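Engineer: Contents of input-v2.txt (compact mmCIF, C-alpha atoms) are below:
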# COMPACT_ATOMS: atom_id res chain seq x y z
CA MET A 288 76.72 58.29 -70.89
CA LYS A 289 77.49 60.44 -67.86
CA PHE A 290 79.98 59.61 -65.11
CA ALA A 291 77.04 59.11 -62.78
CA ASP A 292 75.87 56.27 -65.03
CA PHE A 293 78.90 54.09 -64.45
CA VAL A 294 81.24 55.38 -61.73
CA SER A 295 80.63 53.75 -58.36
CA ARG A 296 80.57 56.65 -55.94
CA GLU A 297 82.14 54.55 -53.19
CA ALA A 298 84.97 53.43 -55.47
CA VAL A 299 86.71 56.75 -55.91
CA ARG A 300 90.19 57.24 -54.44
CA ALA A 301 92.22 60.42 -54.31
CA ASP A 302 95.27 59.09 -52.56
CA LEU A 303 96.62 56.16 -54.51
CA ALA A 304 99.81 54.94 -52.88
CA SER A 305 101.03 52.48 -55.50
CA ASP A 306 103.94 53.28 -57.72
CA ASP A 307 103.85 50.52 -60.28
CA LYS A 308 101.32 49.35 -62.82
CA GLU A 309 100.17 46.08 -61.29
CA THR A 310 99.93 47.42 -57.75
CA VAL A 311 97.97 50.49 -58.75
CA ILE A 312 95.51 48.39 -60.73
CA ARG A 313 95.00 46.16 -57.69
CA GLU A 314 94.59 49.19 -55.47
CA ILE A 315 91.85 50.67 -57.65
CA ALA A 316 90.13 47.31 -58.16
CA GLN A 317 90.19 46.93 -54.38
CA ALA A 318 88.04 50.04 -54.20
CA LEU A 319 85.37 48.23 -56.20
CA LEU A 320 85.65 45.22 -53.93
CA ASP A 321 85.35 47.41 -50.83
CA ALA A 322 82.32 49.07 -52.38
CA GLY A 323 80.72 45.68 -52.87
CA LYS A 324 80.60 46.06 -56.65
CA VAL A 325 82.62 42.94 -57.32
CA SER A 326 82.72 39.79 -55.25
CA ALA A 327 85.75 38.56 -53.33
CA ALA A 328 85.56 35.29 -55.25
CA GLU A 329 85.88 37.06 -58.59
CA PHE A 330 88.43 39.67 -57.52
CA GLU A 331 91.63 37.86 -58.45
CA GLY A 332 90.21 36.79 -61.81
CA ILE A 333 89.20 40.36 -62.59
CA VAL A 334 92.60 41.79 -61.68
CA LYS A 335 94.33 39.16 -63.81
CA ALA A 336 92.06 39.96 -66.74
CA ILE A 337 92.82 43.68 -66.44
CA LEU A 338 96.56 42.97 -66.33
CA LYS A 339 96.27 40.66 -69.32
CA ARG A 340 94.57 43.44 -71.23
CA GLU A 341 97.46 45.77 -70.34
CA ASP A 342 99.85 43.23 -71.81
CA LEU A 343 98.11 43.63 -75.15
CA GLY A 344 98.86 47.31 -75.10
CA SER A 345 98.93 50.04 -72.49
CA THR A 346 95.62 51.73 -71.74
CA GLY A 347 97.46 54.96 -71.10
CA ILE A 348 95.61 57.22 -73.52
CA GLY A 349 97.69 60.33 -73.09
CA ARG A 350 97.66 63.44 -70.91
CA GLY A 351 98.38 61.43 -67.80
CA VAL A 352 95.21 59.35 -68.05
CA ALA A 353 94.70 55.60 -68.25
CA VAL A 354 91.61 53.46 -68.71
CA PRO A 355 92.50 49.98 -67.46
CA HIS A 356 89.56 47.69 -68.12
CA THR A 357 88.22 44.24 -68.81
CA LYS A 358 85.04 42.45 -69.67
CA HIS A 359 83.88 40.06 -67.00
CA ALA A 360 80.88 37.78 -66.83
CA SER A 361 80.31 38.52 -63.15
CA VAL A 362 79.04 42.04 -63.81
CA ASP A 363 75.72 42.73 -65.47
CA ARG A 364 76.33 46.38 -66.16
CA LEU A 365 79.33 48.63 -66.68
CA ILE A 366 80.96 49.61 -63.40
CA GLY A 367 83.78 52.07 -62.93
CA ALA A 368 86.26 53.22 -60.33
CA VAL A 369 88.32 56.40 -60.36
CA GLY A 370 91.75 56.89 -58.83
CA VAL A 371 94.16 59.80 -58.60
CA SER A 372 97.87 59.36 -58.03
CA THR A 373 99.74 62.52 -57.10
CA GLU A 374 103.15 61.05 -57.87
CA GLY A 375 102.05 59.37 -61.07
CA VAL A 376 102.69 55.80 -62.19
CA ASP A 377 104.70 54.65 -65.16
CA PHE A 378 102.13 52.99 -67.38
CA ASP A 379 103.97 52.51 -70.68
CA SER A 380 101.76 55.13 -72.25
CA LEU A 381 102.31 55.86 -75.91
CA ASP A 382 103.24 59.43 -75.08
CA GLY A 383 105.77 58.29 -72.48
CA GLU A 384 104.12 60.22 -69.67
CA LYS A 385 103.29 58.90 -66.20
CA VAL A 386 99.65 58.44 -65.36
CA ASN A 387 97.98 60.44 -62.59
CA LEU A 388 94.33 59.72 -63.35
CA PHE A 389 92.77 56.29 -63.67
CA PHE A 390 89.33 55.26 -64.83
CA LEU A 391 88.99 51.52 -64.26
CA LEU A 392 86.11 49.96 -66.18
CA ILE A 393 84.57 46.51 -65.92
CA SER A 394 81.88 45.68 -68.43
CA PRO A 395 79.60 42.74 -69.12
CA PRO A 396 80.91 40.55 -71.95
CA ASP A 397 78.57 41.54 -74.73
CA ARG A 398 77.87 45.23 -74.33
CA PRO A 399 80.68 46.93 -76.30
CA GLY A 400 78.47 49.98 -76.82
CA ASP A 401 78.41 50.87 -73.14
CA HIS A 402 82.18 50.61 -72.88
CA LEU A 403 82.63 52.76 -75.97
CA ARG A 404 80.23 55.40 -74.63
CA ALA A 405 82.04 55.48 -71.30
CA LEU A 406 85.33 56.04 -73.13
CA GLU A 407 83.63 58.74 -75.18
CA ASN A 408 82.50 60.54 -72.05
CA VAL A 409 85.86 60.25 -70.32
CA SER A 410 87.77 61.46 -73.36
CA LYS A 411 85.37 64.32 -74.15
CA GLN A 412 85.41 65.65 -70.62
CA LEU A 413 89.18 65.33 -70.39
CA ARG A 414 89.61 67.55 -73.42
CA ASN A 415 88.82 70.32 -71.01
CA GLU A 416 92.10 71.48 -69.45
CA SER A 417 90.52 72.73 -66.23
CA PHE A 418 88.62 69.53 -65.60
CA CYS A 419 91.71 67.44 -66.24
CA LYS A 420 93.89 69.61 -64.03
CA PHE A 421 91.43 69.85 -61.13
CA LEU A 422 90.85 66.10 -61.12
CA LYS A 423 94.55 65.39 -60.88
CA GLN A 424 94.84 67.85 -58.02
CA ALA A 425 91.91 66.39 -56.07
CA LYS A 426 92.85 65.57 -52.50
CA THR A 427 89.72 63.75 -51.41
CA SER A 428 87.13 61.40 -52.86
CA GLU A 429 84.52 64.11 -52.30
CA GLU A 430 86.46 66.50 -54.49
CA ILE A 431 86.66 63.94 -57.28
CA LEU A 432 82.95 63.21 -57.06
CA GLN A 433 82.13 66.89 -57.10
CA LEU A 434 84.21 67.38 -60.23
CA LEU A 435 82.57 64.42 -61.94
CA ASP A 436 79.13 65.79 -61.03
CA GLU A 437 80.06 69.20 -62.39
CA ALA A 438 81.30 67.63 -65.61
CA ASP A 439 78.03 65.73 -65.90
CA SER A 440 76.09 68.99 -65.67
CA ASN A 441 78.36 70.46 -68.35
CA GLN A 442 79.90 73.04 -66.09
CA PHE A 443 83.20 72.65 -67.85
CA GLY A 444 81.69 73.70 -71.11
CA THR A 445 82.27 70.41 -72.88
CA MET B 272 114.98 86.85 -100.39
CA GLY B 273 117.17 85.20 -103.00
CA PRO B 274 116.23 83.92 -106.45
CA ASP B 275 115.76 80.31 -105.26
CA ASP B 276 113.43 81.01 -102.33
CA GLY B 277 110.36 81.20 -104.53
CA ALA B 278 111.14 77.81 -106.03
CA ASP B 279 111.61 76.32 -102.55
CA ARG B 280 108.26 77.64 -101.47
CA VAL B 281 106.53 76.24 -104.55
CA LEU B 282 108.11 72.86 -103.92
CA ALA B 283 107.00 72.97 -100.29
CA VAL B 284 103.42 73.68 -101.32
CA MET B 285 103.49 70.99 -104.01
CA SER B 286 104.59 68.35 -101.49
CA GLU B 287 101.63 69.14 -99.20
CA GLN B 288 99.15 66.84 -100.82
CA THR B 289 95.90 66.15 -99.00
CA SER B 290 94.26 62.81 -99.60
CA GLN B 291 91.21 61.29 -98.09
CA ARG B 292 89.74 57.82 -97.89
CA THR B 293 86.43 56.68 -96.49
CA ILE B 294 85.92 53.34 -94.81
CA VAL B 295 83.28 51.55 -92.82
CA LEU B 296 84.24 50.24 -89.41
CA THR B 297 83.49 46.53 -89.30
CA ASN B 298 85.19 45.85 -85.98
CA PRO B 299 82.38 44.59 -83.71
CA GLN B 300 83.69 46.44 -80.69
CA GLY B 301 84.17 49.70 -82.47
CA LEU B 302 87.04 52.16 -82.09
CA HIS B 303 87.80 51.63 -78.41
CA ALA B 304 91.08 52.13 -76.57
CA ARG B 305 93.04 49.32 -78.19
CA PRO B 306 92.27 50.11 -81.85
CA ALA B 307 92.69 53.81 -81.12
CA HIS B 308 96.13 53.04 -79.67
CA MET B 309 97.06 50.98 -82.73
CA PHE B 310 95.81 53.68 -85.09
CA VAL B 311 97.84 56.38 -83.34
CA LYS B 312 100.94 54.22 -83.09
CA LEU B 313 100.80 53.73 -86.86
CA ALA B 314 99.76 57.28 -87.75
CA THR B 315 102.63 58.81 -85.81
CA LYS B 316 105.09 56.90 -88.00
CA PHE B 317 104.22 59.27 -90.83
CA VAL B 318 105.17 62.91 -91.07
CA SER B 319 101.82 63.84 -92.57
CA ASN B 320 99.06 65.38 -90.53
CA VAL B 321 96.32 62.80 -90.00
CA GLU B 322 92.71 63.53 -89.16
CA LEU B 323 89.81 61.19 -88.54
CA ILE B 324 86.33 62.34 -89.49
CA LYS B 325 83.00 60.95 -88.38
CA ASP B 326 79.86 62.80 -89.41
CA SER B 327 80.76 66.42 -88.76
CA GLU B 328 83.40 65.72 -86.16
CA ARG B 329 87.03 66.01 -87.14
CA VAL B 330 89.75 64.96 -84.70
CA ASP B 331 93.51 64.64 -84.59
CA GLY B 332 94.35 61.12 -85.72
CA LYS B 333 97.53 61.16 -83.68
CA SER B 334 95.80 61.55 -80.33
CA ILE B 335 94.19 58.53 -78.65
CA LEU B 336 92.11 60.80 -76.45
CA ALA B 337 90.77 62.68 -79.48
CA ILE B 338 89.89 59.49 -81.36
CA LEU B 339 87.97 58.10 -78.39
CA THR B 340 85.70 61.14 -78.41
CA LEU B 341 84.22 59.86 -81.68
CA ALA B 342 82.80 56.75 -79.99
CA ALA B 343 82.83 55.11 -83.42
CA GLY B 344 80.93 51.86 -83.15
CA GLU B 345 80.59 49.00 -85.61
CA GLY B 346 79.17 50.24 -88.87
CA SER B 347 80.44 53.80 -88.46
CA ILE B 348 81.50 55.54 -91.64
CA LEU B 349 84.86 57.16 -91.09
CA SER B 350 87.03 59.30 -93.31
CA ILE B 351 90.74 59.53 -92.87
CA GLU B 352 92.45 62.61 -94.20
CA ALA B 353 96.19 62.97 -94.46
CA THR B 354 98.17 66.04 -95.47
CA GLY B 355 101.86 65.93 -96.19
CA GLN B 356 104.63 64.31 -98.12
CA ASP B 357 103.67 60.76 -97.22
CA ALA B 358 99.92 61.26 -97.15
CA ASP B 359 99.13 58.41 -99.53
CA GLN B 360 101.41 55.96 -97.75
CA ALA B 361 99.85 56.95 -94.43
CA LEU B 362 96.36 56.36 -95.81
CA ASP B 363 97.31 53.01 -97.36
CA ALA B 364 98.65 51.82 -94.02
CA LEU B 365 95.81 53.15 -91.90
CA VAL B 366 93.07 51.86 -94.19
CA GLU B 367 94.72 48.43 -94.15
CA LEU B 368 94.83 48.46 -90.35
CA ILE B 369 91.12 49.23 -90.14
CA ALA B 370 90.25 46.71 -92.89
CA GLN B 371 91.88 44.00 -90.78
CA ASN B 372 89.62 45.00 -87.90
CA PHE B 373 92.72 45.98 -86.00
CA ALA B 374 93.50 42.25 -85.77
CA GLU B 375 90.77 41.78 -83.21
CA GLU B 376 89.04 38.80 -84.79
CA GLY B 377 88.06 36.40 -82.06
CA SER B 378 89.76 38.40 -79.35
CA ASP B 379 87.87 39.40 -76.25
CA HIS B 380 89.40 42.79 -75.96
Can you give me the file's structure in the form of structure tokens?

Structural biologist:
Amino acid sequence: MKFADFVSREAVRADLASDDKETVIREIAQALLDAGKVSAAEFEGIVKAILKREDLGSTGIGRGVAVPHTKHASVDRLIGAVGVSTEGVDFDSLDGEKVNLFFLLISPPDRPGDHLRALENVSKQLRNESFCKFLKQAKTSEEILQLLDEADSNQFGT
Amino acid sequence: MGPDDGADRVLAVMSEQTSQRTIVLTNPQGLHARPAHMFVKLATKFVSNVELIKDSERVDGKSILAILTLAAGEGSILSIEATGQDADQALDALVELIAQNFAEEGSDH
């Protein structure tokens, strides 16, 4: 599953301002709302579900990356947002590091395969040092999208 | 090199046992972020090296990112390999964790 298959191109943010877990999750989810990928009526419920999932265990997966997510009945396919925080946010990651790169995923309730494949793609691409580094240094949404497109066409050799 | 160094080296080699177990993943949601997190949290309690193997892919069992690259879904056949002084204890614990489906019965995450 390529980034292009699930990342909403209008929900990519290079300049996250939040400095704590809940606020940054809201900020990235807001990008999906602004992009029209989730409805205003469902927004609060979605954010709460993502936060509840974080309570079960941080989605910080190491190397300054986190994959906050939830299932939600209001979406009929996997949708994703990407956010970069230059300062980094304390996310209770297992490795103790702050998180600079966020992939927020919302999936329909009974499609665990799609979610797993998205995680597979994210993790495989992030094994590439250059890709990881460039993403975290991205200053604009366009830069992030370009990097994701390049990763999709295997230009990082992964 | 003194007379006891050879014995120390033999002992070091003898304590480096490698053991492997194979299990089938019965967790309906597969090895996603939460089970991967739980696996790593447990694996890092042991001094032994831990690797997770699926088909021909072998990854570091102490890295969440590495485990997620396997995209191991329900029904996947996984092998866990541990090398070190507490290899068997590590395997016992990790196999038990997986056998309990990472305690995800009935959860929606």

Engineer: For a quick test of understanding: name the residues of chain A lying within 6 Å of chain B when counting only C-alpha atoms, and present them as a VMD selection string.

Structural biologist: chain A and resid 348 399 403 407 410 to 411

Engineer: For Phe330 of chain A, which residue among A:Ile393, A:Arg398, A:Gly370, A:Pro355 is the nearest when counting only C-alpha atoms?

Structural biologist: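 Checking each of A:Ile393, A:Arg398, A:Gly370, A:Pro355 against Phe330 of chain A, counting only C-alpha atoms, the winner is A:Ile393.
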
Engineer: Can you work out the spacing between atom CA of Asp377 of chain A and atom CA of Gly349 of chain A in Å, to one decimal?

Structural biologist: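 Rounded to one decimal, the two atoms are 12.0 Å apart.
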
Engineer: Considering all atoms listed in the file, state which residue in the set B:Asn372, B:Asn320, B:Thr297, B:Thr315 is at the smallest distance from Ala353 of chain B.

Structural biologist: B:Asn320

Engineer: Report the distance between atom CA of Gly400 of chain A and atom CA of Leu388 of chain A in Å, rounded to one decimal place.

Structural biologist: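 So the two atoms, atom CA of Gly400 of chain A and atom CA of Leu388 of chain A, lie 23.0 Å apart.
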
Engineer: What is the distance, in Å and to one decimal place, between atom CA of Val325 of chain A and atom CA of Glu341 of chain A?

Structural biologist: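 The value is 19.9 Å.
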
Engineer: Compare A:His402, A:Arg414, A:Arg364, A:Lys385 by their minimum atom-to-atom distance to Lys324 of chain A, counting only C-alpha atoms, and give me the closest one.

Structural biologist: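 Using only C-alpha atoms, the shortest distance to Lys324 of chain A belongs to A:Arg364.
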
Engineer: Which residues are near Gly351 of chain A? Cut-off 9 Å, all atoms listed in the file, ignore same chain within fewer than 2 positions. Put them as a PyMOL selection string.

Structural biologist: chain A and resi 347-349+353+375+380+382+384-389+423

Engineer: Skip Met288 of chain A itself and residues of its chain fewer than 3 positions away, then list as a list of chain:residue names all residues within 9 Å of it, counting only C-alpha atoms.

Structural biologist: A:Ala291, A:Asp292, A:Phe293, A:Asp401, A:Arg404, A:Ala405, A:Glu407, A:Asn408

Engineer: Mind listing whatever residues come within 12 Å of the point (91.2, 67.2, -62.3)? Use all atoms listed in the file, file coordinates, and give them as a PyMOL selection string.

Structural biologist: chain A and resi 301+350-352+369-373+387-389+409+412-428+430-435+437-438+443

Engineer: Can I get the selection written as a short mmCIF file (atom, residue, chain, number, x, y, z; two decimals), in the frame of the given file, with C-alpha atoms?

Structural biologist:
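Writing the result to part31.cif gives the following:
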data_model
loop_
_atom_site.label_atom_id
_atom_site.label_comp_id
_atom_site.auth_asym_id
_atom_site.auth_seq_id
_atom_site.Cartn_x
_atom_site.Cartn_y
_atom_site.Cartn_z
CA ALA A 301 92.22 60.42 -54.31
CA ARG A 350 97.66 63.44 -70.91
CA GLY A 351 98.38 61.43 -67.80
CA VAL A 352 95.21 59.35 -68.05
CA VAL A 369 88.32 56.40 -60.36
CA GLY A 370 91.75 56.89 -58.83
CA VAL A 371 94.16 59.80 -58.60
CA SER A 372 97.87 59.36 -58.03
CA THR A 373 99.74 62.52 -57.10
CA ASN A 387 97.98 60.44 -62.59
CA LEU A 388 94.33 59.72 -63.35
CA PHE A 389 92.77 56.29 -63.67
CA VAL A 409 85.86 60.25 -70.32
CA GLN A 412 85.41 65.65 -70.62
CA LEU A 413 89.18 65.33 -70.39
CA ARG A 414 89.61 67.55 -73.42
CA ASN A 415 88.82 70.32 -71.01
CA GLU A 416 92.10 71.48 -69.45
CA SER A 417 90.52 72.73 -66.23
CA PHE A 418 88.62 69.53 -65.60
CA CYS A 419 91.71 67.44 -66.24
CA LYS A 420 93.89 69.61 -64.03
CA PHE A 421 91.43 69.85 -61.13
CA LEU A 422 90.85 66.10 -61.12
CA LYS A 423 94.55 65.39 -60.88
CA GLN A 424 94.84 67.85 -58.02
CA ALA A 425 91.91 66.39 -56.07
CA LYS A 426 92.85 65.57 -52.50
CA THR A 427 89.72 63.75 -51.41
CA SER A 428 87.13 61.40 -52.86
CA GLU A 430 86.46 66.50 -54.49
CA ILE A 431 86.66 63.94 -57.28
CA LEU A 432 82.95 63.21 -57.06
CA GLN A 433 82.13 66.89 -57.10
CA LEU A 434 84.21 67.38 -60.23
CA LEU A 435 82.57 64.42 -61.94
CA GLU A 437 80.06 69.20 -62.39
CA ALA A 438 81.30 67.63 -65.61
CA PHE A 443 83.20 72.65 -67.85
#
